[in-house]
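J.: Got a structure for you, run19.csv, holding CSV, N, CA and C atoms.
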```
chain,number,residue,atom,x,y,z
A,1,MET,N,163.9,45.5,134.9
A,1,MET,CA,164.5,46.7,135.2
A,1,MET,C,164.6,46.8,136.7
A,2,SER,N,165.8,47.2,137.2
A,2,SER,CA,166.0,47.3,138.7
A,2,SER,C,165.4,48.5,139.3
A,3,GLN,N,165.3,48.5,140.6
A,3,GLN,CA,164.8,49.7,141.3
A,3,GLN,C,165.8,50.9,141.1
A,4,HIS,N,167.1,50.5,141.0
A,4,HIS,CA,168.1,51.6,140.7
A,4,HIS,C,167.8,52.3,139.4
A,5,ASP,N,167.5,51.5,138.4
A,5,ASP,CA,167.2,52.1,137.1
A,5,ASP,C,165.9,53.0,137.1
A,6,ASP,N,164.9,52.5,137.8
A,6,ASP,CA,163.7,53.3,138.0
A,6,ASP,C,164.0,54.6,138.8
A,7,ALA,N,164.8,54.5,139.8
A,7,ALA,CA,165.2,55.7,140.6
A,7,ALA,C,166.0,56.7,139.7
A,8,ALA,N,166.8,56.2,138.8
A,8,ALA,CA,167.6,57.1,137.9
A,8,ALA,C,166.6,57.8,136.9
A,9,ARG,N,165.7,57.0,136.4
A,9,ARG,CA,164.7,57.6,135.4
A,9,ARG,C,163.9,58.7,136.1
A,10,LEU,N,163.4,58.4,137.3
A,10,LEU,CA,162.6,59.4,138.1
A,10,LEU,C,163.5,60.7,138.3
A,11,ARG,N,164.7,60.5,138.7
A,11,ARG,CA,165.6,61.7,138.9
A,11,ARG,C,165.8,62.4,137.6
A,12,HIS,N,165.9,61.7,136.5
A,12,HIS,CA,166.1,62.4,135.2
A,12,HIS,C,164.8,63.2,134.9
A,13,MET,N,163.6,62.6,135.1
A,13,MET,CA,162.4,63.3,134.9
A,13,MET,C,162.3,64.6,135.7
A,14,ILE,N,162.7,64.4,137.0
A,14,ILE,CA,162.6,65.6,137.8
A,14,ILE,C,163.6,66.7,137.4
A,15,ASP,N,164.8,66.3,137.1
A,15,ASP,CA,165.9,67.2,136.7
A,15,ASP,C,165.5,68.0,135.5
A,16,TYR,N,165.1,67.3,134.4
A,16,TYR,CA,164.7,67.9,133.2
A,16,TYR,C,163.5,68.8,133.2
A,17,ALA,N,162.5,68.3,134.0
A,17,ALA,CA,161.3,69.1,134.2
A,17,ALA,C,161.6,70.3,135.0
A,18,ARG,N,162.4,70.2,136.0
A,18,ARG,CA,162.8,71.5,136.7
A,18,ARG,C,163.5,72.4,135.8
A,19,GLU,N,164.4,71.9,135.0
A,19,GLU,CA,165.1,72.8,134.1
A,19,GLU,C,164.2,73.5,133.2
A,20,ALA,N,163.2,72.8,132.7
A,20,ALA,CA,162.2,73.5,131.8
A,20,ALA,C,161.5,74.6,132.5
A,21,VAL,N,161.0,74.3,133.7
A,21,VAL,CA,160.3,75.3,134.5
A,21,VAL,C,161.2,76.5,134.8
A,22,GLN,N,162.4,76.2,135.2
A,22,GLN,CA,163.4,77.3,135.5
A,22,GLN,C,163.7,78.2,134.3
A,23,MET,N,163.8,77.5,133.1
A,23,MET,CA,164.0,78.3,131.9
A,23,MET,C,162.9,79.3,131.6
A,24,CYS,N,161.7,79.0,132.0
A,24,CYS,CA,160.5,79.8,131.7
A,24,CYS,C,160.3,80.9,132.8
A,25,GLU,N,161.1,80.9,133.8
A,25,GLU,CA,160.9,81.9,134.9
A,25,GLU,C,161.2,83.3,134.2
A,26,GLY,N,160.3,84.2,134.5
A,26,GLY,CA,160.5,85.5,133.9
A,26,GLY,C,160.1,85.7,132.5
A,27,CYS,N,159.7,84.6,131.9
A,27,CYS,CA,159.3,84.6,130.5
A,27,CYS,C,157.7,84.7,130.4
A,28,VAL,N,157.3,85.1,129.2
A,28,VAL,CA,155.9,85.0,128.8
A,28,VAL,C,155.7,84.1,127.6
A,29,ARG,N,154.5,83.7,127.4
A,29,ARG,CA,154.2,82.8,126.3
A,29,ARG,C,154.8,83.2,125.0
A,30,GLU,N,154.7,84.5,124.7
A,30,GLU,CA,155.2,85.1,123.4
A,30,GLU,C,156.7,84.9,123.2
A,31,ASP,N,157.4,84.7,124.3
A,31,ASP,CA,158.9,84.5,124.2
A,31,ASP,C,159.2,83.2,123.4
A,32,LEU,N,158.3,82.2,123.4
A,32,LEU,CA,158.5,81.0,122.6
A,32,LEU,C,158.5,81.3,121.1
A,33,ASP,N,157.7,82.3,120.7
A,33,ASP,CA,157.6,82.7,119.3
A,33,ASP,C,158.8,83.5,118.9
A,34,ARG,N,159.4,84.2,119.8
A,34,ARG,CA,160.5,85.1,119.5
A,34,ARG,C,161.9,84.5,119.7
A,35,ASP,N,162.0,83.5,120.6
A,35,ASP,CA,163.3,83.0,120.9
A,35,ASP,C,163.4,81.5,120.5
A,36,ARG,N,164.0,81.3,119.4
A,36,ARG,CA,164.1,80.0,118.8
A,36,ARG,C,164.9,79.0,119.7
A,37,MET,N,166.0,79.6,120.3
A,37,MET,CA,166.8,78.7,121.2
A,37,MET,C,166.0,78.3,122.4
A,38,LEU,N,165.1,79.2,122.9
A,38,LEU,CA,164.3,78.8,124.1
A,38,LEU,C,163.3,77.7,123.7
A,39,ASN,N,162.6,77.9,122.5
A,39,ASN,CA,161.6,76.9,122.2
A,39,ASN,C,162.2,75.6,121.8
A,40,LEU,N,163.4,75.6,121.2
A,40,LEU,CA,164.0,74.3,120.9
A,40,LEU,C,164.5,73.6,122.2
A,41,SER,N,165.0,74.4,123.1
A,41,SER,CA,165.5,73.9,124.4
A,41,SER,C,164.3,73.2,125.2
A,42,LEU,N,163.2,73.9,125.2
A,42,LEU,CA,162.1,73.4,126.0
A,42,LEU,C,161.5,72.2,125.3
A,43,VAL,N,161.4,72.2,124.0
A,43,VAL,CA,160.9,71.0,123.3
A,43,VAL,C,161.8,69.8,123.7
A,44,ARG,N,163.1,70.0,123.6
A,44,ARG,CA,164.1,68.9,123.9
A,44,ARG,C,163.9,68.4,125.4
A,45,LEU,N,163.8,69.3,126.3
A,45,LEU,CA,163.7,69.0,127.7
A,45,LEU,C,162.4,68.1,127.9
A,46,ILE,N,161.3,68.5,127.3
A,46,ILE,CA,160.0,67.8,127.4
A,46,ILE,C,160.2,66.4,126.8
A,47,GLU,N,160.9,66.3,125.7
A,47,GLU,CA,161.1,65.0,125.0
A,47,GLU,C,161.9,64.1,126.0
A,48,ILE,N,162.9,64.6,126.7
A,48,ILE,CA,163.6,63.8,127.6
A,48,ILE,C,162.8,63.3,128.8
A,49,VAL,N,162.0,64.2,129.3
A,49,VAL,CA,161.1,63.8,130.4
A,49,VAL,C,160.2,62.6,129.9
A,50,GLY,N,159.6,62.7,128.7
A,50,GLY,CA,158.8,61.7,128.2
A,50,GLY,C,159.5,60.4,127.9
A,51,GLU,N,160.7,60.5,127.4
A,51,GLU,CA,161.5,59.3,127.1
A,51,GLU,C,161.8,58.6,128.4
A,52,ALA,N,162.2,59.3,129.5
A,52,ALA,CA,162.5,58.7,130.8
A,52,ALA,C,161.2,58.1,131.3
A,53,ALA,N,160.1,58.7,131.2
A,53,ALA,CA,158.8,58.2,131.7
A,53,ALA,C,158.5,56.8,131.0
A,54,SER,N,158.8,56.8,129.7
A,54,SER,CA,158.5,55.5,129.0
A,54,SER,C,159.4,54.4,129.4
A,55,ARG,N,160.5,54.7,130.0
A,55,ARG,CA,161.5,53.7,130.4
A,55,ARG,C,161.3,53.2,131.9
A,56,VAL,N,160.4,53.9,132.6
A,56,VAL,CA,160.1,53.5,134.0
A,56,VAL,C,159.4,52.1,133.9
A,57,SER,N,159.8,51.2,134.8
A,57,SER,CA,159.2,49.9,134.8
A,57,SER,C,157.7,49.9,134.9
A,58,GLU,N,157.1,48.9,134.3
A,58,GLU,CA,155.7,48.7,134.4
A,58,GLU,C,155.2,48.6,135.8
A,59,ALA,N,156.0,47.9,136.6
A,59,ALA,CA,155.7,47.7,138.0
A,59,ALA,C,155.6,49.0,138.7
A,60,LEU,N,156.5,49.9,138.5
A,60,LEU,CA,156.5,51.2,139.2
A,60,LEU,C,155.3,52.0,138.7
A,61,GLN,N,155.1,52.0,137.4
A,61,GLN,CA,154.0,52.7,136.8
A,61,GLN,C,152.7,52.2,137.4
A,62,LEU,N,152.5,50.9,137.5
A,62,LEU,CA,151.3,50.4,138.1
A,62,LEU,C,151.1,50.8,139.6
A,63,ALA,N,152.2,50.9,140.2
A,63,ALA,CA,152.2,51.2,141.7
A,63,ALA,C,151.9,52.7,141.9
A,64,HIS,N,152.0,53.5,140.8
A,64,HIS,CA,151.8,54.9,140.9
A,64,HIS,C,150.9,55.4,139.8
A,65,PRO,N,149.6,55.0,139.8
A,65,PRO,CA,148.7,55.4,138.7
A,65,PRO,C,148.4,56.9,138.8
A,66,GLU,N,148.8,57.6,139.8
A,66,GLU,CA,148.5,59.1,139.9
A,66,GLU,C,149.4,59.8,139.0
A,67,VAL,N,150.5,59.2,138.5
A,67,VAL,CA,151.3,59.8,137.5
A,67,VAL,C,150.8,59.5,136.1
A,68,PRO,N,150.6,60.4,135.2
A,68,PRO,CA,150.1,60.1,133.9
A,68,PRO,C,151.2,59.6,133.0
A,69,TRP,N,151.7,58.5,133.2
A,69,TRP,CA,152.9,57.9,132.5
A,69,TRP,C,152.7,57.9,131.0
A,70,ARG,N,151.5,57.4,130.6
A,70,ARG,CA,151.2,57.3,129.1
A,70,ARG,C,151.1,58.7,128.5
A,71,LYS,N,150.5,59.6,129.2
A,71,LYS,CA,150.3,60.9,128.6
A,71,LYS,C,151.7,61.6,128.5
A,72,ILE,N,152.6,61.4,129.5
A,72,ILE,CA,153.9,62.0,129.4
A,72,ILE,C,154.7,61.4,128.2
A,73,ALA,N,154.7,60.1,128.1
A,73,ALA,CA,155.4,59.5,127.0
A,73,ALA,C,154.7,59.9,125.6
A,74,GLY,N,153.4,60.0,125.6
A,74,GLY,CA,152.7,60.4,124.4
A,74,GLY,C,153.1,61.8,124.0
A,75,THR,N,153.3,62.7,125.0
A,75,THR,CA,153.7,64.1,124.6
A,75,THR,C,155.1,64.0,124.0
A,76,ARG,N,155.9,63.2,124.5
A,76,ARG,CA,157.3,63.0,123.8
A,76,ARG,C,157.1,62.6,122.4
A,77,ASN,N,156.2,61.6,122.2
A,77,ASN,CA,156.1,61.0,120.8
A,77,ASN,C,155.5,62.1,119.9
A,78,ARG,N,154.6,62.9,120.4
A,78,ARG,CA,154.0,63.9,119.5
A,78,ARG,C,155.1,65.0,119.2
A,79,LEU,N,155.9,65.3,120.1
A,79,LEU,CA,157.0,66.3,119.8
A,79,LEU,C,158.0,65.7,118.8
A,80,VAL,N,158.4,64.5,119.0
A,80,VAL,CA,159.4,63.9,118.1
A,80,VAL,C,158.8,63.7,116.7
A,81,HIS,N,157.7,63.1,116.6
A,81,HIS,CA,157.1,62.8,115.3
A,81,HIS,C,156.4,63.9,114.7
A,82,GLY,N,156.0,64.9,115.5
A,82,GLY,CA,155.3,66.1,114.9
A,82,GLY,C,156.2,67.3,115.0
A,83,TYR,N,157.5,67.1,114.9
A,83,TYR,CA,158.5,68.1,115.0
A,83,TYR,C,158.2,69.4,114.2
A,84,ASP,N,157.5,69.2,113.1
A,84,ASP,CA,157.2,70.3,112.2
A,84,ASP,C,155.9,71.0,112.5
A,85,ASP,N,155.2,70.6,113.6
A,85,ASP,CA,153.9,71.2,113.9
A,85,ASP,C,153.8,71.3,115.4
A,86,VAL,N,154.8,71.8,116.1
A,86,VAL,CA,154.7,71.9,117.6
A,86,VAL,C,153.8,73.1,118.0
A,87,ASN,N,152.8,72.9,118.8
A,87,ASN,CA,151.9,73.9,119.3
A,87,ASN,C,152.5,74.5,120.5
A,88,PHE,N,153.0,75.7,120.4
A,88,PHE,CA,153.7,76.4,121.5
A,88,PHE,C,152.8,76.7,122.7
A,89,ASP,N,151.5,76.9,122.4
A,89,ASP,CA,150.5,77.1,123.5
A,89,ASP,C,150.4,75.9,124.4
A,90,ILE,N,150.4,74.7,123.7
A,90,ILE,CA,150.3,73.5,124.5
A,90,ILE,C,151.6,73.3,125.3
A,91,LEU,N,152.8,73.5,124.6
A,91,LEU,CA,154.1,73.4,125.3
A,91,LEU,C,154.1,74.3,126.5
A,92,TRP,N,153.8,75.6,126.3
A,92,TRP,CA,153.8,76.5,127.4
A,92,TRP,C,152.9,76.1,128.6
A,93,ASN,N,151.7,75.7,128.3
A,93,ASN,CA,150.8,75.2,129.3
A,93,ASN,C,151.3,74.0,130.0
A,94,THR,N,151.9,73.1,129.3
A,94,THR,CA,152.5,71.9,129.9
A,94,THR,C,153.5,72.3,130.9
A,95,ILE,N,154.4,73.2,130.5
A,95,ILE,CA,155.5,73.6,131.4
A,95,ILE,C,154.9,74.3,132.6
A,96,GLN,N,154.0,75.2,132.4
A,96,GLN,CA,153.5,76.1,133.5
A,96,GLN,C,152.5,75.3,134.4
A,97,ASP,N,151.7,74.5,133.8
A,97,ASP,CA,150.6,73.9,134.6
A,97,ASP,C,150.8,72.4,135.0
A,98,ASP,N,151.5,71.6,134.1
A,98,ASP,CA,151.6,70.2,134.4
A,98,ASP,C,153.0,69.8,135.1
A,99,LEU,N,154.0,70.5,134.7
A,99,LEU,CA,155.3,70.1,135.3
A,99,LEU,C,155.5,70.3,136.8
A,100,PRO,N,155.1,71.5,137.3
A,100,PRO,CA,155.3,71.6,138.8
A,100,PRO,C,154.6,70.5,139.6
A,101,PRO,N,153.3,70.1,139.3
A,101,PRO,CA,152.8,69.0,140.1
A,101,PRO,C,153.4,67.7,139.8
A,102,LEU,N,153.9,67.5,138.6
A,102,LEU,CA,154.6,66.3,138.2
A,102,LEU,C,155.9,66.1,139.0
A,103,ILE,N,156.6,67.2,139.1
A,103,ILE,CA,157.8,67.2,139.9
A,103,ILE,C,157.5,66.8,141.4
A,104,ASP,N,156.5,67.4,141.9
A,104,ASP,CA,156.1,67.0,143.3
A,104,ASP,C,155.7,65.6,143.4
A,105,GLN,N,155.0,65.0,142.5
A,105,GLN,CA,154.6,63.6,142.5
A,105,GLN,C,155.8,62.7,142.5
A,106,LEU,N,156.7,63.0,141.6
A,106,LEU,CA,157.9,62.2,141.4
A,106,LEU,C,158.8,62.3,142.6
A,107,GLN,N,158.9,63.5,143.2
A,107,GLN,CA,159.7,63.6,144.4
A,107,GLN,C,159.2,62.8,145.5
A,108,THR,N,157.8,62.8,145.6
A,108,THR,CA,157.2,62.0,146.7
A,108,THR,C,157.5,60.5,146.5
A,109,ILE,N,157.5,60.0,145.3
A,109,ILE,CA,157.8,58.6,145.0
A,109,ILE,C,159.2,58.3,145.4
A,110,ILE,N,160.2,59.2,145.0
A,110,ILE,CA,161.6,59.0,145.4
A,110,ILE,C,161.8,59.0,146.9
A,111,ASN,N,161.1,60.0,147.6
A,111,ASN,CA,161.3,60.1,149.0
A,111,ASN,C,160.7,58.9,149.7
A,112,ALA,N,159.8,58.2,149.2
A,112,ALA,CA,159.1,57.0,149.8
A,112,ALA,C,160.0,55.8,149.7
A,113,LYS,N,161.0,55.8,148.8
A,113,LYS,CA,161.8,54.6,148.6
A,113,LYS,C,162.9,54.5,149.7
```
Please, can you express the file's structure as structure tokens?
T.:
Amino acid sequence: MSQHDDAARLRHMIDYAREAVQMCEGCVREDLDRDRMLNLSLVRLIEIVGEAASRVSEALQLAHPEVPWRKIAGTRNRLVHGYDDVNFDILWNTIQDDLPPLIDQLQTIINAK
């Protein structure tokens, strides 16, 4: 995989993670229970972040062990394969607590290139 492909994957991760964070602005956790379109949208955005992470080259992943690549891809796998048992508490916490620092980490990687 070329550096260009890695850069595109990192940008995808940032863009979709930001979109998920922005969708939650002004929301509370209970909105996921009430708003089907919101919860479906957020699940899909996190799936895309995980899919992009799984496609980042091994070389880049090894160069940046501070990014939890396997965990991100694993989250995607749990959402896709456990579609009928999504824990909205975990989804909410992922978006609120994990995505903002991930966005910063990925932006630092891109800026260093």
J.: Restricting the calculation to all atoms listed in the file: of A:Asn93, A:Ser54, A:Gln22, A:Gln107, which residue gets closest to Gly74 (chain A)?
T.: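 Of A:Asn93, A:Ser54, A:Gln22, A:Gln107, the one nearest Gly74 (chain A), counting all atoms listed in the file, is A:Ser54.
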J.: From the options A:Met23, A:Ala8, A:Met13, A:Arg29, which residue's atoms come nearest to Trp92 (chain A), counting only N, CA and C atoms?
T.: A:Arg29
J.: Can you pull out every residue within 7 Å of Arg55 (chain A), counting all atoms listed in the file, but drop anything in the same chain fewer than 6 positions away, and send it as a list in words?
T.: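 Using all atoms listed in the file, the neighbours found are Asp5, Asp6 and Arg9 of chain A.
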J.: Between atom C of Gln61 (chain A) and atom C of Val80 (chain A), what is the distance in Å, rounded to a tenth?
T.: 24.5 Å
J.: Considering only N, CA and C atoms, can you say which of A:Ile14, A:His4, A:Ile90, A:Arg44 comes closest to Leu106 (chain A)?
T.: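 Going through A:Ile14, A:His4, A:Ile90, A:Arg44 one by one, the smallest distance to Leu106 (chain A) is for A:Ile14.
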J.: State, in Å with one decimal place, the distance from CA of Ala53 (chain A) to CA of Asp84 (chain A).
T.: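 CA of Ala53 (chain A) sits 23.0 Å away from CA of Asp84 (chain A).
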J.: Any idea what the distance is between CA of Val67 (chain A) and atom C of Pro101 (chain A)?
T.: 8.5 Å
